[in-house]
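Student: Below is the structure I would like to discuss, written out as structure tokens.
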Amino acid sequence: MGSDLLQYTISGLTIGMIYALVAIGYNVIYNVTEILNFAQGEFVMLGGLFAVFFVGTLRLPLGVAFFGAIIATGCVGFAMERFIIRRARDASVLSLIIITIAVSILLKGTAMFCWGKDPYVLPAFSPGGPILFGGAAIQPQALWVLGVSALIVICLTLFFRRSVYGKAMLACADNPNAARMTGIPVRQMVLLSFVLSAAIGAAAGVVITPISLMEYDRGALLGLKGFGAAVLGGLGQFHGALFAGAILGLAESFCAGYLSSGYKDAVALVLLLLALFFKPEGLFGSSEAAKLKKF
Amino acid sequence: MRGLGKSLALVVLVGVLLGGLWNIVIPSQVGAAEPYKIGAVFSITGVGSFLGEPEKKTAEMIAEEVNKKGGINGHPLELVVYDDESDTTKCNLAVKKLIKKDEVPVIVGPTRSGETLAVVSVVEEAHVPLISCATSYKIVTPIESRQWVFKVAASDAHVVAKLFDYMKAKGWTKIAIMTDSTGYGASAREEFLRLAPESGITILADERFGPQDTDLTPQLTKIRSTQPQAIVNWSVGPTQIIAVKNWRDLGMDSIPLFQSHGFGSKKNLELAGKAAEGVMLALARVNVGPILPDGQPQKKAILDYTKAYEDRFKEPISSFGGHASDAMNLAIAALQAVGPDPAKIRDYLEKTTKFVGMHGIFNFSPQDHNGLSKDDLEMVVVKNGDWALATW
């Protein structure tokens with residue numbers, strides 16, 4: 001019984017961290033632009049498939065492929081902002097959000113053309129079988145997922161709290177006009193936020209592919225669960241995203257384990273609805289700040 | 001001048017006539033007979049394209065081969081193929097077009113169960129026989145209102161019954177099932193729950209998951225706590241690979257794992273790698289041609305088809321192409337025997353027995369428009385990254 005509980009916890013935390021990374025991707029763009037980028041899930045998918053391309057077709061080592069996939073997906077984020085979002089900069093935030101949905105469909109279709117409909121797999125980052133711990137089996141790759149997620153959260157926190165660029169990005173979100181008057185190049189900050197968010201999504205995609213495989217239409221569902229985590233944790237809150245992602249993953253895993261696995265996917269949506277009904281600003285958001293935001 | 005003009009015109013006229021005759025005479029020597037038509041509807045694009053594409057290729061390949069050998073009783077074969085785009089409405093239109101515009105005497109396809117069920121009433125009304133490549137048992141039941149509909153794919157019930165036979169032979173009567181929430185998983189789950197009591201099998205755990213799930217550890221952990229003697233996973237796409245990997249990682253390999261026939265592609269063995277060793281499944285013989293015993297009556301036909309398809313399209317065969325091959329060959333056999341008369345073709349198909357196809361030896365009857373049984377499946381085990389026949 002105890003070992004089952006541990007097993008559910010581990011698998012819940014692993015998938016929860018992926019949701020958290022997707023949620024963080026939403027937050028980075030939201031913080032700077034107030035746009036909810038619904039192509040976030042596609043960045044995860046692209047990250048995984050780019051890594052598959054680098055390892056499988058170009059025969060590059062896994063480490064190179066990891067960073068290669070992040071850079072390649074970052075370029076996709078760059079192109080998305082530079083050639084699509086920026087052209088529509090005078091449109092309302094809602095129109096921009098709808099544009100991101102269009103981009104997600106475009107990315108999914110393009111991925112289907114390039115990689116076909118088959119799922120792909122990557123070798124695990126470190127070889128060897130599962131680690132047995134208290135009767136539960138832990139895949140080494142799950143530890144990689146947790147480690148990479150932790151590293152990304154630490155780096156982002158430092159970036160936004162300590163670096164000039166990070167602070168400038170936050171300033172753009174608070175008041176773009178004031179930021180522009182103090183000499184912050186707002187457009188560049190927006191561009192940076194898209195690149196950063198694509199890179200984070202890609203990292204999530206690469207670490208999860210050895211566990212869950214990756215195919216062209218995986219993005220939408222991951223994007224939806226990640227969005228649930230982002231709202232639950234409070235839009236724009238990194239720690240909230242981390243915490244809410246973990247809650248979501250654990251809730252799904254326990255639901256599959258102790259209730260019925262048929263209801264598993266409903267858990268994320270029920271939590272999202274509950275959050276929107278009772279605490280729309282999220283677990284970690286402030287209701288005063290939420291009132292000032294458009295979304 | 002007028003006389004010259006007239007005689008010139010006459011010469012031209014004679015020339016044209018002779019030329020025309022010449023043209024008509026030549027083909028009549030190799031078979032000026034009216035072409036025999038076969039209509040086909042496959043999901044060549046859309047979500048079902050991975051099924052419909054090999055079906056279309058197979059059908060076209062067979063039609064060409066028949067024509068190369070001089071057609072059917074001297075009549076060239078004309079194959080009219082439409083794409084239903086994996087859409088029931090478009091499928092309905094395509095079948096109506098085949099019946100009204102192309103006036104075909106027999107239709108091959110559609111690819112999937114949903115599309116087939118959407119056209120059953122059309123062919124029943126028009127009295128044109130249809131040979132579907134889809135699996136659902138609802139396509140041919142109730143037989144009273146399915147007089148013109150046949151199908152060449154085995155039903156889920158056959159596969160489930162085959163698995164149960166094997167489990168009982170091994171003494172595994174307490175099992176756990178895990179199915180995905182698509183139509184594929186859900187309809188198999190019904191069959192498992194329906195057939196288990198009468199087969200003396202107890203289902204200890206009945207777990208479900210979404211087709212895009214990334215982790216099946218919770219379901220497998222729960223299954224492990226019920227201590228089953230065997231596990232069956234029924235899904236398509238990545239989850240069937242994830243199930244194998246999680247089963248291995250959780251150290252559950254002492255409990256045998258069975259997969260659905262959807263696992264029967266070499267691609268899945270590559271993706272699952274070493275983790276798939278020992279996984280068992282019931283497969284149609286078309287998937288395992290080379291490992292069949294030499295005396296097996298289907299072996300030669302399957303190897304011939306495999307070679308022809310793989311040489312031509314440079315891709316491995318699939319069970320779906322096999323369905324199209326069976327449907328086409330049945331239609332061709334009927335045309336050869338009774339000519340292009342829909343009613344006669346229907347009667348001929350219903351009386352066809354011992355027809356050696358890719359997916360089995362078909363024995364149709366007025367009560368059974370599928371003609372297959374669980375004996376047309378082979379129990380297969382993954383051994384050294386390849387298929388091997390399971391020992392009973």
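Ligands are numbered from 1 in the order shown, chains are lettered A, B, ... in the order of the structure tokens, and residues start at 1 in each chain.
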Hey, list the chain B side of the contact with chain A: 7 Å cut-off, only C-alpha atoms, answer as a PyMOL selection string.

Tutor: chain B and resi 207-209+212+214-215+217-219+221-222+238+242+249-250+271

Student: Would you please extract all helix (DSSP H, G or I) residues from region 91-310 of chain B, as assigned by DSSP on the backbone, and give them as a PyMOL selection string?

Tutor: chain B and resi 91-100+113-126+137-139+143-145+156-170+183-199+217-225+238-249+261-263+266-276+285-291+299-310

Student: Looking at only C-alpha atoms, which of A:Leu232, A:Ile35, A:Leu248, A:Leu191 is the one that sits closest to Phe277 (chain A)?

Tutor: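 Nearest candidate to Phe277 (chain A) out of A:Leu232, A:Ile35, A:Leu248, A:Leu191: A:Leu232.
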
Student: When you count only C-alpha atoms, which of these residues is closest to Lys108 (chain A): A:Leu13, A:Val190, A:Leu242, A:Leu46?

Tutor: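 Closest candidate: A:Leu46.
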
Student: Pick out the residues sitting within 9 Å of Ser325 (chain B), and hand them over as a ChimeraX atom specification; count only C-alpha atoms, and ignore anything fewer than 2 positions along from it in its own chain.

Tutor: /B:55,58-59,62,305,320-323,327-330,357-358

Student: Could you pull out the strand (DSSP E) residues of region 20-250 of chain A, going by DSSP on the backbone, and write them as a short mmCIF file (atom, residue, chain, number, x, y, z; two decimals) with C-alpha atoms, in the first residue's frame?

Tutor:
```cif
data_model
loop_
_atom_site.label_atom_id
_atom_site.label_comp_id
_atom_site.auth_asym_id
_atom_site.auth_seq_id
_atom_site.Cartn_x
_atom_site.Cartn_y
_atom_site.Cartn_z
CA ILE A 131 15.83 2.73 -9.36
CA LEU A 132 13.91 0.78 -6.72
CA PHE A 133 13.13 2.90 -3.70
CA ALA A 136 8.43 2.01 -5.93
CA ALA A 137 10.24 2.12 -9.26
CA ILE A 138 11.72 5.46 -10.28
#
```

Student: Can you tell me which residues surround Thr135 (chain B) at a distance of at most 9 Å, considering only C-alpha atoms, apart from same-chain residues fewer than 6 positions away, and format the answer as a list in words?

Tutor: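 Listed by chain and then number, they are Arg112, Ser113, Lys151, Val152, Ala153, Ala154, Ser155 and Asp156 of chain B.
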
Student: Pull N, CA and C atoms from the residues just selected and write them as a PDB file, in the first residue's frame.

Tutor:
```pdb
ATOM      1  N   ARG B 112     -13.201   2.707 -42.526  1.00  0.00           N
ATOM      2  CA  ARG B 112     -13.435   2.672 -41.072  1.00  0.00           C
ATOM      3  C   ARG B 112     -14.891   2.330 -40.743  1.00  0.00           C
ATOM      4  N   SER B 113     -15.110   1.936 -39.490  1.00  0.00           N
ATOM      5  CA  SER B 113     -16.439   1.486 -39.072  1.00  0.00           C
ATOM      6  C   SER B 113     -17.473   2.603 -39.151  1.00  0.00           C
ATOM      7  N   LYS B 151     -18.084  -7.851 -44.685  1.00  0.00           N
ATOM      8  CA  LYS B 151     -16.841  -7.244 -44.213  1.00  0.00           C
ATOM      9  C   LYS B 151     -15.744  -8.286 -44.143  1.00  0.00           C
ATOM     10  N   VAL B 152     -14.495  -7.832 -44.350  1.00  0.00           N
ATOM     11  CA  VAL B 152     -13.381  -8.774 -44.435  1.00  0.00           C
ATOM     12  C   VAL B 152     -12.411  -8.647 -43.261  1.00  0.00           C
ATOM     13  N   ALA B 153     -12.702  -7.729 -42.310  1.00  0.00           N
ATOM     14  CA  ALA B 153     -11.820  -7.591 -41.154  1.00  0.00           C
ATOM     15  C   ALA B 153     -12.415  -8.375 -39.988  1.00  0.00           C
ATOM     16  N   ALA B 154     -11.562  -9.019 -39.208  1.00  0.00           N
ATOM     17  CA  ALA B 154     -12.037  -9.778 -38.054  1.00  0.00           C
ATOM     18  C   ALA B 154     -12.641  -8.822 -37.030  1.00  0.00           C
ATOM     19  N   SER B 155     -13.622  -9.302 -36.268  1.00  0.00           N
ATOM     20  CA  SER B 155     -14.228  -8.478 -35.229  1.00  0.00           C
ATOM     21  C   SER B 155     -13.379  -8.535 -33.964  1.00  0.00           C
ATOM     22  N   ASP B 156     -13.579  -7.526 -33.087  1.00  0.00           N
ATOM     23  CA  ASP B 156     -12.891  -7.528 -31.796  1.00  0.00           C
ATOM     24  C   ASP B 156     -13.165  -8.830 -31.048  1.00  0.00           C
TER      25      ASP B 156
END
```

Student: Which is closest to Val279 (chain B) among B:Pro342, B:Gly210, B:Gly109, B:Gly385, if we use only C-alpha atoms?

Tutor: B:Gly385

Student: When you draw a straight line from CA of Leu269 (chain A) to CA of Thr33 (chain A), how long is it in Å?

Tutor: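 Result for CA of Leu269 (chain A) versus CA of Thr33 (chain A): 25.2 Å, one decimal.
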
Student: Give the answer as one residue: which of B:Ala284, B:Cys133, B:Ala331, B:Val41 has the shortest atom-to-atom distance to Lys96 (chain B), using only C-alpha atoms?

Tutor: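 Nearest candidate to Lys96 (chain B) out of B:Ala284, B:Cys133, B:Ala331, B:Val41: B:Val41.
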
Student: Quick one: residues within 12 Å of Lys174 (chain B), only C-alpha atoms counted, chain neighbours fewer than 6 positions away excluded, as a PyMOL selection string?

Tutor: chain B and resi 164+167-168+196-197+199-206+223+226-232+255-256

Student: With only C-alpha atoms as the counted atoms, please give the residues lying no more than 12 Å from Ala199 (chain A), apart from itself and same-chain residues fewer than 4 positions off, as JSON, numbers by chain.

Tutor: {"A": [21, 22, 24, 25, 26, 28, 29, 40, 41, 42, 43, 44, 45, 46, 47, 48, 50, 66, 67, 68, 69, 70, 71, 72, 73, 74, 75, 76, 77, 78, 152, 156, 192, 193, 194, 195, 203, 204, 205, 206]}

Student: I need the chosen residues saved as a short mmCIF file (atom, residue, chain, number, x, y, z; two decimals), in the first residue's frame, with N, CA and C atoms.

Tutor:
```
data_model
loop_
_atom_site.label_atom_id
_atom_site.label_comp_id
_atom_site.auth_asym_id
_atom_site.auth_seq_id
_atom_site.Cartn_x
_atom_site.Cartn_y
_atom_site.Cartn_z
N LEU A 21 6.20 23.46 -16.28
CA LEU A 21 7.06 24.12 -17.27
C LEU A 21 6.22 24.79 -18.36
N VAL A 22 5.15 24.09 -18.78
CA VAL A 22 4.27 24.70 -19.77
C VAL A 22 3.63 25.95 -19.17
N ILE A 24 4.79 27.86 -16.86
CA ILE A 24 5.79 28.93 -16.76
C ILE A 24 5.95 29.62 -18.12
N GLY A 25 5.91 28.81 -19.17
CA GLY A 25 5.97 29.38 -20.52
C GLY A 25 4.83 30.37 -20.76
N TYR A 26 3.63 29.99 -20.33
CA TYR A 26 2.50 30.93 -20.44
C TYR A 26 2.80 32.21 -19.68
N VAL A 28 5.63 33.66 -18.74
CA VAL A 28 6.68 34.56 -19.24
C VAL A 28 6.08 35.52 -20.26
N ILE A 29 5.30 34.97 -21.19
CA ILE A 29 4.71 35.84 -22.21
C ILE A 29 3.63 36.73 -21.60
N GLN A 40 1.69 27.49 -26.77
CA GLN A 40 2.69 27.03 -25.81
C GLN A 40 2.89 25.50 -25.86
N GLY A 41 1.79 24.77 -25.95
CA GLY A 41 1.88 23.31 -26.03
C GLY A 41 2.64 22.85 -27.27
N GLU A 42 2.49 23.61 -28.36
CA GLU A 42 3.18 23.22 -29.61
C GLU A 42 4.70 23.39 -29.46
N PHE A 43 5.13 24.35 -28.62
CA PHE A 43 6.57 24.50 -28.38
C PHE A 43 7.12 23.24 -27.73
N VAL A 44 6.34 22.64 -26.81
CA VAL A 44 6.77 21.40 -26.16
C VAL A 44 6.93 20.31 -27.22
N MET A 45 5.90 20.20 -28.07
CA MET A 45 5.93 19.19 -29.12
C MET A 45 7.13 19.41 -30.05
N LEU A 46 7.35 20.68 -30.45
CA LEU A 46 8.46 20.98 -31.36
C LEU A 46 9.80 20.65 -30.72
N GLY A 47 9.93 20.97 -29.42
CA GLY A 47 11.18 20.66 -28.72
C GLY A 47 11.49 19.18 -28.82
N GLY A 48 10.49 18.37 -28.50
CA GLY A 48 10.70 16.92 -28.55
C GLY A 48 11.04 16.44 -29.94
N PHE A 50 12.23 18.18 -32.56
CA PHE A 50 13.53 18.68 -33.02
C PHE A 50 14.65 17.80 -32.45
N PHE A 66 19.82 18.34 -27.16
CA PHE A 66 19.00 19.03 -26.16
C PHE A 66 19.05 20.53 -26.38
N PHE A 67 20.28 21.07 -26.49
CA PHE A 67 20.39 22.51 -26.67
C PHE A 67 20.01 22.92 -28.09
N GLY A 68 20.31 22.06 -29.06
CA GLY A 68 19.92 22.34 -30.44
C GLY A 68 18.41 22.49 -30.55
N ALA A 69 17.68 21.59 -29.88
CA ALA A 69 16.22 21.63 -29.94
C ALA A 69 15.70 22.91 -29.29
N ILE A 70 16.35 23.31 -28.18
CA ILE A 70 15.92 24.52 -27.49
C ILE A 70 16.15 25.74 -28.38
N ILE A 71 17.33 25.77 -29.04
CA ILE A 71 17.63 26.92 -29.92
C ILE A 71 16.68 26.94 -31.11
N ALA A 72 16.47 25.76 -31.71
CA ALA A 72 15.60 25.70 -32.90
C ALA A 72 14.19 26.17 -32.55
N THR A 73 13.67 25.69 -31.40
CA THR A 73 12.32 26.09 -31.01
C THR A 73 12.29 27.58 -30.63
N GLY A 74 13.41 28.05 -30.02
CA GLY A 74 13.53 29.47 -29.72
C GLY A 74 13.39 30.29 -31.00
N CYS A 75 13.98 29.79 -32.09
CA CYS A 75 13.88 30.49 -33.38
C CYS A 75 12.43 30.53 -33.85
N VAL A 76 11.71 29.44 -33.60
CA VAL A 76 10.29 29.42 -33.98
C VAL A 76 9.54 30.49 -33.19
N GLY A 77 9.85 30.60 -31.88
CA GLY A 77 9.23 31.63 -31.05
C GLY A 77 9.58 33.02 -31.58
N PHE A 78 10.85 33.18 -31.97
CA PHE A 78 11.31 34.46 -32.54
C PHE A 78 10.49 34.81 -33.77
N ILE A 152 15.40 25.31 -14.27
CA ILE A 152 14.76 26.37 -15.05
C ILE A 152 14.08 27.37 -14.12
N LEU A 156 15.09 31.29 -13.87
CA LEU A 156 14.12 32.31 -14.22
C LEU A 156 13.89 33.29 -13.08
N LEU A 192 11.90 38.97 -26.75
CA LEU A 192 12.66 38.12 -25.83
C LEU A 192 11.73 37.17 -25.08
N SER A 193 10.57 37.68 -24.69
CA SER A 193 9.65 36.83 -23.93
C SER A 193 9.17 35.65 -24.77
N PHE A 194 8.94 35.86 -26.04
CA PHE A 194 8.50 34.75 -26.89
C PHE A 194 9.61 33.72 -27.07
N VAL A 195 10.85 34.22 -27.27
CA VAL A 195 11.98 33.30 -27.45
C VAL A 195 12.18 32.49 -26.18
N ALA A 203 12.51 22.74 -23.74
CA ALA A 203 13.24 21.95 -22.74
C ALA A 203 12.32 20.90 -22.14
N ALA A 204 11.08 21.30 -21.83
CA ALA A 204 10.11 20.34 -21.30
C ALA A 204 9.88 19.22 -22.30
N GLY A 205 9.77 19.58 -23.58
CA GLY A 205 9.52 18.58 -24.61
C GLY A 205 10.65 17.56 -24.72
N VAL A 206 11.90 18.05 -24.63
CA VAL A 206 13.03 17.12 -24.78
C VAL A 206 13.11 16.17 -23.59
#
```
